[in-house]
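Peer 1: Contents of entry-v9.txt (compact mmCIF, C-alpha atoms and all ligand atoms) are below:
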```txt
# COMPACT_ATOMS: atom_id res chain seq x y z
CA MET P 1 -15.51 -28.83 -9.89
CA TYR P 2 -19.03 -30.10 -9.27
CA GLU P 3 -18.57 -30.95 -5.55
CA LEU P 4 -16.49 -27.87 -4.89
CA SER P 5 -19.15 -25.59 -6.38
CA ILE P 6 -21.71 -27.08 -4.00
CA HIS P 7 -19.60 -27.13 -0.83
CA ASP P 8 -17.55 -24.00 -1.33
CA PRO P 9 -18.83 -21.72 -4.08
CA GLU P 10 -16.46 -19.01 -2.86
CA VAL P 11 -13.30 -21.04 -3.53
CA ALA P 12 -14.79 -22.51 -6.71
CA ASP P 13 -15.36 -18.97 -7.92
CA VAL P 14 -11.80 -17.86 -7.16
CA ILE P 15 -10.48 -20.88 -9.06
CA ARG P 16 -12.67 -20.05 -12.05
CA GLN P 17 -11.44 -16.48 -11.97
CA GLU P 18 -7.83 -17.67 -11.89
CA GLU P 19 -8.54 -19.92 -14.89
CA ALA P 20 -9.96 -16.92 -16.71
CA ARG P 21 -6.96 -14.79 -15.72
CA ILE P 22 -4.57 -17.39 -17.14
CA GLU P 23 -6.51 -17.59 -20.41
CA THR P 24 -6.73 -13.83 -20.89
CA THR P 25 -3.27 -12.63 -19.86
CA LEU P 26 0.24 -13.11 -21.22
CA ASP P 27 2.47 -14.91 -18.72
CA LEU P 28 6.03 -13.67 -19.14
CA ILE P 29 7.24 -14.69 -15.66
CA ALA P 30 10.49 -16.56 -16.37
CA ALA P 31 9.91 -18.87 -13.38
CA GLU P 32 6.49 -20.03 -14.57
CA ASN P 33 5.03 -22.28 -17.21
CA HIS P 34 1.64 -23.68 -18.17
CA ALA P 35 1.52 -27.30 -17.02
CA PRO P 36 -0.33 -29.71 -19.33
CA ARG P 37 -3.75 -30.90 -18.12
CA ALA P 38 -2.34 -34.41 -17.52
CA ILE P 39 -0.07 -32.88 -14.87
CA LEU P 40 -2.97 -31.07 -13.18
CA GLU P 41 -5.00 -34.28 -13.15
CA ALA P 42 -2.16 -36.16 -11.44
CA GLN P 43 -1.80 -33.33 -8.90
CA GLY P 44 -5.49 -33.40 -8.09
CA SER P 45 -5.57 -37.18 -7.75
CA ILE P 46 -6.36 -39.43 -4.79
CA PHE P 47 -2.64 -39.65 -4.00
CA SER P 48 -2.95 -36.31 -2.20
CA THR P 49 -4.24 -38.14 0.89
CA LYS P 50 -1.67 -40.92 1.33
CA ALA P 51 0.88 -40.77 4.14
CA ALA P 52 4.09 -42.51 3.08
CA GLU P 53 7.05 -41.55 5.26
CA GLY P 54 10.19 -43.26 4.02
CA TYR P 55 11.12 -44.63 0.62
CA PRO P 56 9.79 -47.36 -1.69
CA GLY P 57 10.00 -50.69 0.14
CA ARG P 58 10.94 -48.98 3.43
CA ARG P 59 7.85 -47.05 4.56
CA PHE P 60 6.67 -46.13 8.02
CA HIS P 61 3.02 -46.46 6.98
CA ALA P 62 1.15 -49.48 5.64
CA GLY P 63 -0.82 -49.43 2.40
CA CYS P 64 2.02 -48.07 0.32
CA ARG P 65 1.98 -50.65 -2.47
CA TYR P 66 0.89 -48.16 -5.15
CA ALA P 67 2.75 -45.26 -3.57
CA ASP P 68 5.90 -47.35 -3.89
CA GLU P 69 5.11 -48.18 -7.50
CA LEU P 70 4.52 -44.50 -8.25
CA GLU P 71 7.70 -43.25 -6.58
CA ALA P 72 9.83 -45.96 -8.21
CA LEU P 73 8.40 -44.93 -11.58
CA ALA P 74 9.22 -41.26 -10.98
CA ILE P 75 12.74 -42.14 -9.85
CA SER P 76 13.57 -44.42 -12.77
CA ARG P 77 12.16 -41.93 -15.28
CA VAL P 78 14.08 -38.94 -13.93
CA GLN P 79 17.30 -40.97 -13.73
CA ARG P 80 16.87 -41.93 -17.37
CA LEU P 81 15.92 -38.40 -18.41
CA PHE P 82 19.05 -36.82 -16.92
CA GLY P 83 21.40 -39.81 -16.94
CA ALA P 84 21.72 -39.65 -13.14
CA GLU P 85 22.83 -42.51 -10.87
CA HIS P 86 20.54 -41.50 -8.01
CA ALA P 87 17.48 -39.30 -7.69
CA ASN P 88 15.40 -38.13 -4.75
CA VAL P 89 12.00 -36.95 -6.02
CA GLN P 90 10.50 -36.05 -2.63
CA PRO P 91 11.58 -32.40 -2.08
CA HIS P 92 8.48 -30.23 -1.78
CA SER P 93 10.28 -27.38 -3.52
CA GLY P 94 13.57 -26.13 -4.89
CA VAL P 95 14.49 -24.53 -1.58
CA SER P 96 13.83 -27.81 0.29
CA ALA P 97 16.08 -29.60 -2.20
CA ASN P 98 18.89 -27.08 -1.65
CA LEU P 99 18.54 -27.21 2.14
CA ALA P 100 18.78 -31.01 2.03
CA VAL P 101 21.97 -30.91 -0.05
CA TYR P 102 23.55 -28.36 2.31
CA PHE P 103 22.67 -30.36 5.42
CA ALA P 104 23.58 -33.71 3.84
CA THR P 105 27.10 -32.63 2.93
CA LEU P 106 28.12 -29.86 5.37
CA ASP P 107 28.24 -29.08 9.05
CA VAL P 108 26.42 -26.01 10.36
CA GLY P 109 28.75 -23.02 10.02
CA ASP P 110 30.66 -24.41 7.02
CA ARG P 111 31.64 -22.13 4.15
CA ILE P 112 29.68 -22.01 0.86
CA LEU P 113 30.54 -19.90 -2.20
CA ALA P 114 27.50 -18.99 -4.31
CA MET P 115 26.21 -16.38 -6.74
CA GLN P 116 25.07 -13.03 -5.36
CA LEU P 117 21.27 -12.61 -5.40
CA SER P 118 21.52 -9.10 -6.88
CA HIS P 119 23.62 -10.49 -9.76
CA GLY P 120 21.13 -13.26 -10.58
CA GLY P 121 21.52 -15.83 -7.76
CA HIS P 122 18.72 -17.19 -5.56
CA LEU P 123 17.58 -16.41 -2.00
CA SER P 124 18.40 -19.96 -0.92
CA HIS P 125 22.03 -19.41 -1.98
CA GLY P 126 22.81 -17.62 1.27
CA ASP P 127 21.00 -14.32 0.94
CA SER P 128 20.81 -12.47 4.26
CA ALA P 129 17.00 -12.80 4.25
CA SER P 130 17.21 -16.60 3.88
CA ILE P 131 17.57 -19.06 6.73
CA THR P 132 20.50 -20.54 4.77
CA SER P 133 22.67 -17.56 5.72
CA ARG P 134 22.05 -18.25 9.43
CA CYS P 135 23.10 -21.89 9.14
CA PHE P 136 26.12 -21.56 6.85
CA HIS P 137 28.86 -19.04 6.20
CA PHE P 138 28.40 -17.73 2.66
CA SER P 139 30.59 -15.68 0.39
CA HIS P 140 29.28 -14.53 -3.00
CA TYR P 141 30.64 -14.13 -6.49
CA GLY P 142 29.03 -11.97 -9.14
CA VAL P 143 29.22 -10.88 -12.73
CA ASP P 144 31.92 -8.83 -14.42
CA PRO P 145 30.60 -5.23 -14.54
CA ALA P 146 31.67 -4.83 -18.18
CA THR P 147 30.37 -8.09 -19.68
CA GLU P 148 27.69 -8.79 -17.04
CA ARG P 149 28.70 -12.45 -17.31
CA ILE P 150 29.94 -14.59 -14.43
CA ASP P 151 33.46 -13.51 -13.50
CA TYR P 152 35.16 -16.92 -13.30
CA ASP P 153 38.46 -15.30 -12.23
CA GLN P 154 36.64 -13.87 -9.24
CA VAL P 155 35.08 -17.28 -8.53
CA ARG P 156 38.57 -18.85 -8.60
CA ASP P 157 40.12 -16.11 -6.44
CA LEU P 158 37.32 -16.42 -3.87
CA ALA P 159 37.59 -20.21 -3.92
CA ARG P 160 41.29 -19.87 -3.07
CA SER P 161 40.95 -17.25 -0.34
CA PHE P 162 37.59 -18.19 1.20
CA LYS P 163 38.22 -21.96 1.00
CA PRO P 164 34.55 -23.03 0.71
CA ARG P 165 33.53 -26.63 1.29
CA MET P 166 30.82 -26.17 -1.35
CA ILE P 167 30.43 -24.07 -4.48
CA VAL P 168 26.95 -23.40 -5.85
CA ALA P 169 26.43 -22.69 -9.54
CA GLY P 170 22.98 -21.75 -10.76
CA ALA P 171 20.80 -18.68 -10.93
CA SER P 172 17.31 -17.24 -11.20
CA SER P 173 17.91 -14.26 -13.44
CA TYR P 174 21.05 -14.98 -15.43
CA PRO P 175 20.41 -14.99 -19.19
CA ARG P 176 23.63 -16.76 -20.18
CA LEU P 177 25.01 -20.29 -20.06
CA ILE P 178 27.12 -21.32 -17.09
CA ASP P 179 30.49 -22.95 -17.79
CA TYR P 180 30.13 -26.08 -15.65
CA GLU P 181 33.52 -27.38 -16.69
CA LYS P 182 35.16 -24.25 -15.31
CA MET P 183 33.08 -24.37 -12.14
CA ALA P 184 33.96 -28.04 -11.63
CA ALA P 185 37.68 -27.33 -12.13
CA ILE P 186 37.55 -24.48 -9.59
CA ALA P 187 35.70 -26.69 -7.11
CA ARG P 188 38.17 -29.53 -7.60
CA GLU P 189 41.14 -27.24 -7.00
CA ALA P 190 39.51 -25.93 -3.82
CA SER P 191 38.50 -29.45 -2.68
CA ALA P 192 34.92 -28.19 -2.57
CA VAL P 193 31.84 -30.09 -3.71
CA LEU P 194 29.89 -28.60 -6.60
CA LEU P 195 26.13 -28.11 -6.40
CA VAL P 196 24.42 -27.03 -9.59
CA ASP P 197 20.96 -25.55 -8.97
CA MET P 198 19.33 -25.74 -12.40
CA ALA P 199 15.83 -24.79 -11.21
CA HIS P 200 15.08 -22.41 -14.05
CA ILE P 201 16.68 -24.31 -16.89
CA ALA P 202 15.87 -27.97 -16.10
CA GLY P 203 13.51 -28.24 -19.10
CA LEU P 204 16.15 -26.90 -21.48
CA VAL P 205 18.70 -29.33 -20.01
CA ALA P 206 16.27 -32.27 -20.21
CA ALA P 207 15.71 -31.51 -23.89
CA GLY P 208 19.45 -31.27 -24.52
CA VAL P 209 19.21 -27.80 -26.04
CA ILE P 210 21.70 -26.24 -23.59
CA PRO P 211 24.73 -27.78 -21.80
CA ASP P 212 24.05 -30.45 -19.20
CA PRO P 213 25.58 -30.07 -15.71
CA VAL P 214 24.71 -33.56 -14.42
CA ALA P 215 28.02 -35.26 -15.28
CA ARG P 216 30.09 -32.34 -13.95
CA ALA P 217 28.40 -31.68 -10.62
CA ASP P 218 28.43 -33.64 -7.36
CA PHE P 219 24.81 -32.62 -6.74
CA VAL P 220 22.12 -31.17 -8.98
CA THR P 221 18.87 -29.68 -7.71
CA PHE P 222 15.93 -28.37 -9.70
CA THR P 223 12.27 -27.48 -9.60
CA THR P 224 9.74 -29.15 -11.85
CA TYR P 225 7.43 -26.17 -12.50
CA LYS P 226 9.66 -23.76 -14.40
CA THR P 227 10.91 -24.61 -17.93
CA LEU P 228 10.08 -28.26 -17.22
CA GLY P 229 6.39 -27.34 -16.94
CA GLY P 230 5.60 -30.19 -14.55
CA GLY P 231 3.86 -28.54 -11.63
CA ARG P 232 5.31 -27.67 -8.24
CA GLY P 233 8.11 -29.60 -6.57
CA GLY P 234 11.86 -30.20 -6.31
CA VAL P 235 14.30 -32.98 -7.19
CA ILE P 236 17.88 -33.86 -6.19
CA LEU P 237 20.26 -35.80 -8.45
CA CYS P 238 23.62 -37.22 -7.38
CA ARG P 239 25.99 -40.13 -7.74
CA ARG P 240 25.20 -43.42 -6.02
CA GLU P 241 27.87 -42.82 -3.36
CA HIS P 242 25.86 -39.85 -1.99
CA ALA P 243 22.44 -41.53 -2.19
CA ALA P 244 22.05 -42.55 1.47
CA LYS P 245 22.96 -39.20 3.00
CA ILE P 246 20.77 -37.26 0.52
CA ASN P 247 17.79 -39.52 1.22
CA GLN P 248 18.33 -39.15 4.97
CA ALA P 249 18.56 -35.38 4.72
CA ILE P 250 15.13 -35.24 3.03
CA PHE P 251 13.49 -37.88 5.21
CA PRO P 252 13.66 -37.93 8.19
CA GLY P 253 15.96 -34.89 8.09
CA ALA P 254 13.89 -32.08 6.62
CA GLN P 255 10.51 -33.45 5.54
CA GLY P 256 7.86 -35.90 6.65
CA THR P 257 5.54 -37.58 4.23
CA PRO P 258 6.13 -36.68 0.58
CA SER P 259 3.35 -35.06 -1.49
CA LEU P 260 2.48 -38.18 -3.47
CA ASN P 261 0.11 -36.27 -5.72
CA LEU P 262 2.96 -33.95 -6.72
CA LEU P 263 5.15 -37.00 -7.11
CA ALA P 264 2.58 -38.43 -9.54
CA ALA P 265 2.75 -35.19 -11.51
CA LYS P 266 6.56 -35.36 -11.52
CA ALA P 267 6.41 -38.88 -12.96
CA VAL P 268 4.13 -37.64 -15.75
CA CYS P 269 6.36 -34.64 -16.33
CA PHE P 270 9.46 -36.83 -16.78
CA LYS P 271 7.63 -39.04 -19.28
CA LEU P 272 6.44 -36.05 -21.29
CA ALA P 273 9.96 -34.58 -21.21
CA MET P 274 11.32 -37.64 -23.08
CA LYS P 275 9.09 -36.98 -26.08
CA PRO P 276 10.33 -35.30 -29.27
CA GLU P 277 7.52 -32.70 -28.91
CA PHE P 278 9.08 -31.58 -25.64
CA THR P 279 12.50 -31.14 -27.26
CA ALA P 280 10.87 -29.09 -30.01
CA LEU P 281 9.06 -26.95 -27.42
CA GLN P 282 12.26 -26.25 -25.49
CA ARG P 283 14.09 -25.36 -28.69
CA LYS P 284 11.27 -22.98 -29.55
CA THR P 285 11.47 -21.53 -26.02
CA LEU P 286 15.09 -20.57 -26.75
CA GLU P 287 14.11 -19.04 -30.10
CA THR P 288 11.29 -16.96 -28.66
CA ALA P 289 13.56 -15.69 -25.85
CA ALA P 290 16.19 -14.66 -28.43
CA ALA P 291 13.44 -12.89 -30.39
CA PHE P 292 12.43 -10.95 -27.25
CA ALA P 293 16.03 -9.71 -26.83
CA LEU P 294 16.27 -8.67 -30.48
CA GLU P 295 12.91 -6.88 -30.56
CA PHE P 296 13.59 -4.94 -27.36
CA GLU P 297 16.99 -3.86 -28.69
CA LYS P 298 15.38 -2.70 -31.94
CA ARG P 299 13.23 -0.37 -29.84
CA GLY P 300 16.18 1.08 -27.96
CA TYR P 301 16.07 -0.96 -24.76
CA ARG P 302 19.33 -2.11 -23.21
CA ILE P 303 19.40 -5.88 -22.65
CA VAL P 304 21.62 -7.08 -19.81
CA THR P 305 24.61 -8.97 -21.38
CA GLY P 306 23.31 -7.89 -24.79
CA GLY P 307 21.16 -10.95 -25.32
CA THR P 308 20.24 -14.38 -24.02
CA ASP P 309 21.29 -18.03 -24.34
CA ASN P 310 18.33 -19.40 -22.41
CA HIS P 311 14.64 -18.73 -21.73
CA LEU P 312 14.92 -15.29 -20.16
CA VAL P 313 15.82 -11.71 -20.96
CA LEU P 314 16.68 -8.96 -18.48
CA VAL P 315 15.60 -5.55 -19.74
CA ASP P 316 17.34 -2.51 -18.25
CA LEU P 317 14.83 0.36 -18.03
CA THR P 318 17.29 2.97 -16.72
CA SER P 319 17.54 4.88 -20.02
CA LYS P 320 13.74 4.94 -20.28
CA ASN P 321 13.40 6.73 -16.93
CA LEU P 322 11.20 3.98 -15.58
CA THR P 323 11.59 1.70 -12.58
CA GLY P 324 10.86 -2.01 -12.73
CA GLU P 325 8.07 -1.46 -10.21
CA VAL P 326 6.23 1.11 -12.34
CA ALA P 327 6.70 -1.02 -15.48
CA GLU P 328 5.43 -4.18 -13.79
CA LYS P 329 2.27 -2.44 -12.51
CA ALA P 330 1.52 -0.69 -15.79
CA LEU P 331 1.95 -3.93 -17.75
CA GLU P 332 -0.17 -5.91 -15.31
CA SER P 333 -2.98 -3.40 -15.76
CA VAL P 334 -3.21 -4.46 -19.43
CA GLY P 335 -2.78 -8.19 -18.83
CA ILE P 336 0.96 -8.54 -19.47
CA ILE P 337 2.48 -10.34 -16.49
CA VAL P 338 6.20 -9.76 -15.88
CA ASN P 339 8.28 -9.27 -12.76
CA ARG P 340 10.50 -6.36 -11.78
CA ASN P 341 14.08 -7.42 -11.35
CA VAL P 342 17.31 -5.84 -10.18
CA ILE P 343 20.02 -5.60 -12.80
CA PRO P 344 23.71 -6.17 -11.97
CA GLY P 345 25.02 -3.14 -10.05
CA ASP P 346 21.48 -1.82 -9.52
CA THR P 347 21.28 1.24 -7.27
CA ARG P 348 17.61 0.61 -6.54
CA LYS P 349 16.26 -1.79 -3.96
CA ALA P 350 14.79 -5.16 -5.06
CA ASP P 351 11.17 -4.01 -4.54
CA VAL P 352 11.68 -1.08 -6.91
CA ALA P 353 14.43 -2.38 -9.24
CA SER P 354 15.71 -0.94 -12.52
CA GLY P 355 14.69 -3.77 -14.79
CA ILE P 356 12.09 -6.31 -15.75
CA ARG P 357 12.66 -10.01 -16.35
CA ILE P 358 10.93 -11.54 -19.37
CA GLY P 359 10.57 -15.29 -19.75
CA SER P 360 9.46 -17.16 -22.87
CA PRO P 361 8.39 -20.61 -21.50
CA ALA P 362 4.69 -19.98 -20.81
CA ILE P 363 3.78 -18.17 -24.04
CA THR P 364 5.73 -20.78 -26.02
CA SER P 365 3.85 -23.57 -24.26
CA ARG P 366 0.52 -22.06 -25.38
CA GLY P 367 1.74 -22.12 -28.96
CA MET P 368 3.05 -18.60 -29.54
CA GLY P 369 6.18 -18.03 -31.59
CA ILE P 370 8.39 -15.31 -33.01
CA VAL P 371 5.52 -13.57 -34.85
CA GLU P 372 3.67 -13.15 -31.53
CA VAL P 373 6.86 -12.02 -29.73
CA VAL P 374 7.16 -9.13 -32.21
CA GLN P 375 3.56 -8.16 -31.37
CA ILE P 376 4.08 -8.54 -27.62
CA VAL P 377 7.21 -6.38 -27.52
CA ASP P 378 5.33 -3.74 -29.50
CA LEU P 379 2.50 -3.88 -26.91
CA ILE P 380 4.98 -3.66 -24.02
CA ASP P 381 6.78 -0.73 -25.62
CA ARG P 382 3.53 1.15 -26.18
CA ILE P 383 2.69 0.75 -22.49
CA LEU P 384 6.12 1.70 -21.19
CA VAL P 385 6.19 4.83 -23.33
CA ASN P 386 2.58 5.85 -22.63
CA HIS P 387 1.79 4.40 -19.23
CA HIS P 388 -0.13 7.52 -18.16
CA GLN P 389 -2.42 7.53 -21.21
CA PRO P 390 -5.76 5.81 -20.54
CA SER P 391 -6.58 5.50 -24.26
CA VAL P 392 -3.34 3.56 -24.93
CA LEU P 393 -3.92 1.32 -21.89
CA LYS P 394 -7.40 0.53 -23.12
CA GLN P 395 -6.35 -0.23 -26.68
CA VAL P 396 -3.38 -2.42 -25.67
CA SER P 397 -5.52 -4.26 -23.16
CA ARG P 398 -7.95 -5.09 -25.95
CA GLU P 399 -5.14 -6.35 -28.18
CA VAL P 400 -3.74 -8.54 -25.36
CA THR P 401 -7.12 -10.20 -24.90
CA GLY P 402 -7.43 -10.75 -28.65
CA LEU P 403 -3.99 -12.35 -28.85
CA CYS P 404 -4.67 -14.60 -25.86
CA ARG P 405 -7.95 -15.77 -27.37
CA GLN P 406 -6.08 -17.06 -30.43
CA PHE P 407 -3.85 -19.22 -28.19
CA PRO P 408 -5.93 -20.94 -25.50
CA VAL P 409 -3.83 -22.41 -22.69
CA TYR P 410 -6.40 -25.11 -21.96
CA PRO P 411 -8.68 -25.62 -24.95
CA PRO P 412 -12.19 -26.65 -23.87
CA ALA P 413 -12.08 -30.19 -22.44
CA LEU P 414 -14.36 -33.02 -23.49
CA ASP P 415 -15.53 -33.79 -19.95
C1 LIG N 1 12.97 -20.98 -8.25
C2 LIG N 1 14.30 -21.31 -7.70
C3 LIG N 1 14.42 -22.03 -6.49
C4 LIG N 1 13.28 -22.23 -5.52
O1 LIG N 1 12.29 -23.03 -5.84
P1 LIG N 1 10.98 -23.10 -4.91
O2 LIG N 1 10.27 -24.25 -5.49
O3 LIG N 1 10.28 -21.80 -5.04
O4 LIG N 1 11.43 -23.35 -3.51
C5 LIG N 1 15.69 -22.43 -6.10
N1 LIG N 1 16.77 -22.12 -6.83
C6 LIG N 1 16.70 -21.39 -7.96
C7 LIG N 1 17.94 -21.06 -8.70
C8 LIG N 1 15.46 -20.96 -8.41
O5 LIG N 1 15.38 -20.21 -9.53
```
Here is the file; what I need is its structure written in the form of structure tokens.
Peer 2:
Amino acid sequence: MYELSIHDPEVADVIRQEEARIETTLDLIAAENHAPRAILEAQGSIFSTKAAEGYPGRRFHAGCRYADELEALAISRVQRLFGAEHANVQPHSGVSANLAVYFATLDVGDRILAMQLSHGGHLSHGDSASITSRCFHFSHYGVDPATERIDYDQVRDLARSFKPRMIVAGASSYPRLIDYEKMAAIAREASAVLLVDMAHIAGLVAAGVIPDPVARADFVTFTTYKTLGGGRGGVILCRREHAAKINQAIFPGAQGTPSLNLLAAKAVCFKLAMKPEFTALQRKTLETAAAFALEFEKRGYRIVTGGTDNHLVLVDLTSKNLTGEVAEKALESVGIIVNRNVIPGDTRKADVASGIRIGSPAITSRGMGIVEVVQIVDLIDRILVNHHQPSVLKQVSREVTGLCRQFPVYPPALD
């Protein structure tokens, strides 16, 4: 950051402070991960300045020889990683990827059946606050109130009565596996196309430690920065027959020039994800999430669905007389970073919420395991029980810093 420190000490300072924050706090945001340095280097590379509208071999700017090489590399790697016939690696984000799939396959006003945001779905799945709900006509399925798992009978009933042209499977705060075979059968019966949005779980899928939707879905979208740990960005996978319309929907349909620097990072991410170390990391991510569920239950917390099959745990704070908002703030004050989250059937609004969502990817990436999860849940519990006691806050804060110091996210570099 030599040049930056000279030309903009203010921004350089904020970046240094963010680096220090990452090193000294516990990141339990289920949608985040610590990207390896190689990813950050690719993101900060010279490719951030190249304009390259179009696709490899068919650009609207000259000088794209290496841009083409880079994009072709990213495409072939991600196709191999997920066994997909076609991949578009240009979406700037998960939402852009979803928008492109909607507009590539549907007409404005068409019907889409997707998971309710308050039951674990995503804003871009037709929430009233999202632009998607103004372009398409959504109906939503949810979870069974008793099991808190997706109610497939309701999905089937809605598919029959609502007659969607597309069904979306995928979620942001659903701790269980999704039955893609069932979803595909329901979609087939309704003559709807199936989009699986695996944003959160793409790393787990890539490693083969949870079921893979790619063969069952017509379209698959995901982000590269969550369990995959590859920095920001989105990807679309589909069969060859849909390739042209998906590519058109991204460019020129919804985006201009791709972020080639992010594309470079995606290429690196896909290479890293083929390594045995990555598989081991994803398996450990599942184990640490399961340990979170167990440890919270031991301390009398109710876990939504009674456990987890993936990288996240939803903790219901109702019986502890705490809101998600209060818990999130109290935990942040001691360096434990979580997000408040509504639980199925929540009576509180999303900005208050009755639960917190705990994700295991980031702490697992920095080398923590089950032993540390036991410590972390103990720290969280001490805060939630004593969040008004300054002496407890101070002591826990000290222990968080100590734990973080043992597991540096970015050990000192040689440069
Ligand atoms: C995170 C997420 C997205 C959005 O990704 P952005 O990169 O923030 O646009 C889309 N769908 C699901 C299910 C997600 O969890």
Peer 1: Which is closer to Ala38 (chain P) than all the others in P:His140, P:Arg283, P:Lys298, P:Lys271, using only C-alpha atoms?
Peer 2: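 Of P:His140, P:Arg283, P:Lys298, P:Lys271, the one nearest Ala38 (chain P), counting only C-alpha atoms, is P:Lys271.
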Peer 1: What residues have any atom no more than 7 Å from ligand LIG 1 (chain N) when counting all atoms listed in the file, and can you list them as a VMD selection string?
Peer 2: chain P and resid 31 93 to 96 121 to 122 124 170 to 172 197 to 200 222 to 223 232 to 234
Peer 1: Which one of P:Thr105, P:Gln282, P:Asn88, P:Ser259 sits closest to Ile363 (chain P) if you count only C-alpha atoms?
Peer 2: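 For Ile363 (chain P), the nearest of the given residues is P:Gln282.
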Peer 1: Kindly provide, as a VMD selection string, the polymer residues lying within 9 Å of (21.7, -20.6, -19.5), counting all atoms listed in the file and using the coordinates exactly as they appear in the file.
Peer 2: chain P and resid 170 to 171 174 to 178 200 to 201 204 210 to 211 308 to 312
Peer 1: Please list, as a PyMOL selection string, the residues that have an atom at most 12 Å away from (-1.8, 4.3, -20.4) in the coordinates of this file, counting only C-alpha atoms.
Peer 2: chain P and resi 326-327+329-334+379-397
Peer 1: So what do you get for CA of Ile358 (chain P) versus CA of Lys266 (chain P), distance-wise?
Peer 2: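 Between these atoms lies a distance of 25.5 Å.
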Peer 1: Neighbours of Met166 (chain P) within 10 Å (all atoms listed in the file; same-chain residues fewer than 6 positions away dropped), as a PyMOL selection string?
Peer 2: chain P and resi 102+105-106+110-114+138+159+187+190-195+218
Peer 1: What is the distance between CA of Thr224 (chain P) and CA of Ala104 (chain P), in Å to one decimal?
Peer 2: 21.4 Å
Peer 1: Taking all atoms listed in the file into account, which of P:Val168, P:Ala62, P:Leu117, P:Ile246 comes nearest Val143 (chain P)?
Peer 2: P:Leu117
Peer 1: What does the distance from CA of Asp153 (chain P) to CA of Met115 (chain P) come to in Å, to one decimal?
Peer 2: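 Value for the CA of Asp153 (chain P)-CA of Met115 (chain P) distance: 13.5 Å.
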Peer 1: For Glu297 (chain P), work out the shell of residues within 10 Å, counting all atoms listed in the file and skipping chain neighbours fewer than 5 positions away, then give it as number ranges by chain.
Peer 2: P: 291-292, 302-303, 306-307, 315
Peer 1: Please provide as a list in words all residues within 12 Å of Arg156 (chain P), with the sequence filter that same-chain residues fewer than 6 positions apart are discarded (counting all atoms listed in the file).
Peer 2: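 Here the qualifying residues turn out to be Leu113, Ala114, His140, Tyr141, Gly142, Ile150, Phe162, Lys163, Pro164, Ile167, Lys182, Met183, Ala184, Ala185, Ile186, Ala187, Arg188, Glu189, Ala190 and Ala192 of chain P.
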Peer 1: Keeping only C-alpha atoms, take the residues you just selected and write them out as a PDB file, in the frame of the given file.
Peer 2:
```pdb
ATOM      1  CA  LEU P 113      30.540 -19.900  -2.200  1.00  0.00           C
ATOM      2  CA  ALA P 114      27.500 -18.990  -4.310  1.00  0.00           C
ATOM      3  CA  HIS P 140      29.280 -14.530  -3.000  1.00  0.00           C
ATOM      4  CA  TYR P 141      30.640 -14.130  -6.490  1.00  0.00           C
ATOM      5  CA  GLY P 142      29.030 -11.970  -9.140  1.00  0.00           C
ATOM      6  CA  ILE P 150      29.940 -14.590 -14.430  1.00  0.00           C
ATOM      7  CA  PHE P 162      37.590 -18.190   1.200  1.00  0.00           C
ATOM      8  CA  LYS P 163      38.220 -21.960   1.000  1.00  0.00           C
ATOM      9  CA  PRO P 164      34.550 -23.030   0.710  1.00  0.00           C
ATOM     10  CA  ILE P 167      30.430 -24.070  -4.480  1.00  0.00           C
ATOM     11  CA  LYS P 182      35.160 -24.250 -15.310  1.00  0.00           C
ATOM     12  CA  MET P 183      33.080 -24.370 -12.140  1.00  0.00           C
ATOM     13  CA  ALA P 184      33.960 -28.040 -11.630  1.00  0.00           C
ATOM     14  CA  ALA P 185      37.680 -27.330 -12.130  1.00  0.00           C
ATOM     15  CA  ILE P 186      37.550 -24.480  -9.590  1.00  0.00           C
ATOM     16  CA  ALA P 187      35.700 -26.690  -7.110  1.00  0.00           C
ATOM     17  CA  ARG P 188      38.170 -29.530  -7.600  1.00  0.00           C
ATOM     18  CA  GLU P 189      41.140 -27.240  -7.000  1.00  0.00           C
ATOM     19  CA  ALA P 190      39.510 -25.930  -3.820  1.00  0.00           C
ATOM     20  CA  ALA P 192      34.920 -28.190  -2.570  1.00  0.00           C
TER      21      ALA P 192
END
```
Peer 1: Looking at only C-alpha atoms, which of P:Ala35, P:Ala72, P:Ala20, P:Leu262 is the one that sits closest to Phe47 (chain P)?
Peer 2: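 With only C-alpha atoms as the atom set, the closest residue is P:Leu262.
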Peer 1: Pick from P:Thr279, P:Thr305, P:Ser173, P:Thr221: nearest to Asn339 (chain P), with all atoms listed in the file counted?
Peer 2: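 Checking each candidate against Asn339 (chain P), we get P:Ser173 as the closest.
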Peer 1: Neighbouring residues of Ser45 (chain P) were defined as those with any atom within 10 Å, considering only C-alpha atoms; residues of the same chain fewer than 4 positions away were excluded. Please report them as a list in words.
Peer 2: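 Counting only C-alpha atoms, the residues come to Ile39, Leu40, Glu41, Thr49, Leu260, Asn261, Leu262, Ala264 and Ala265 of chain P.
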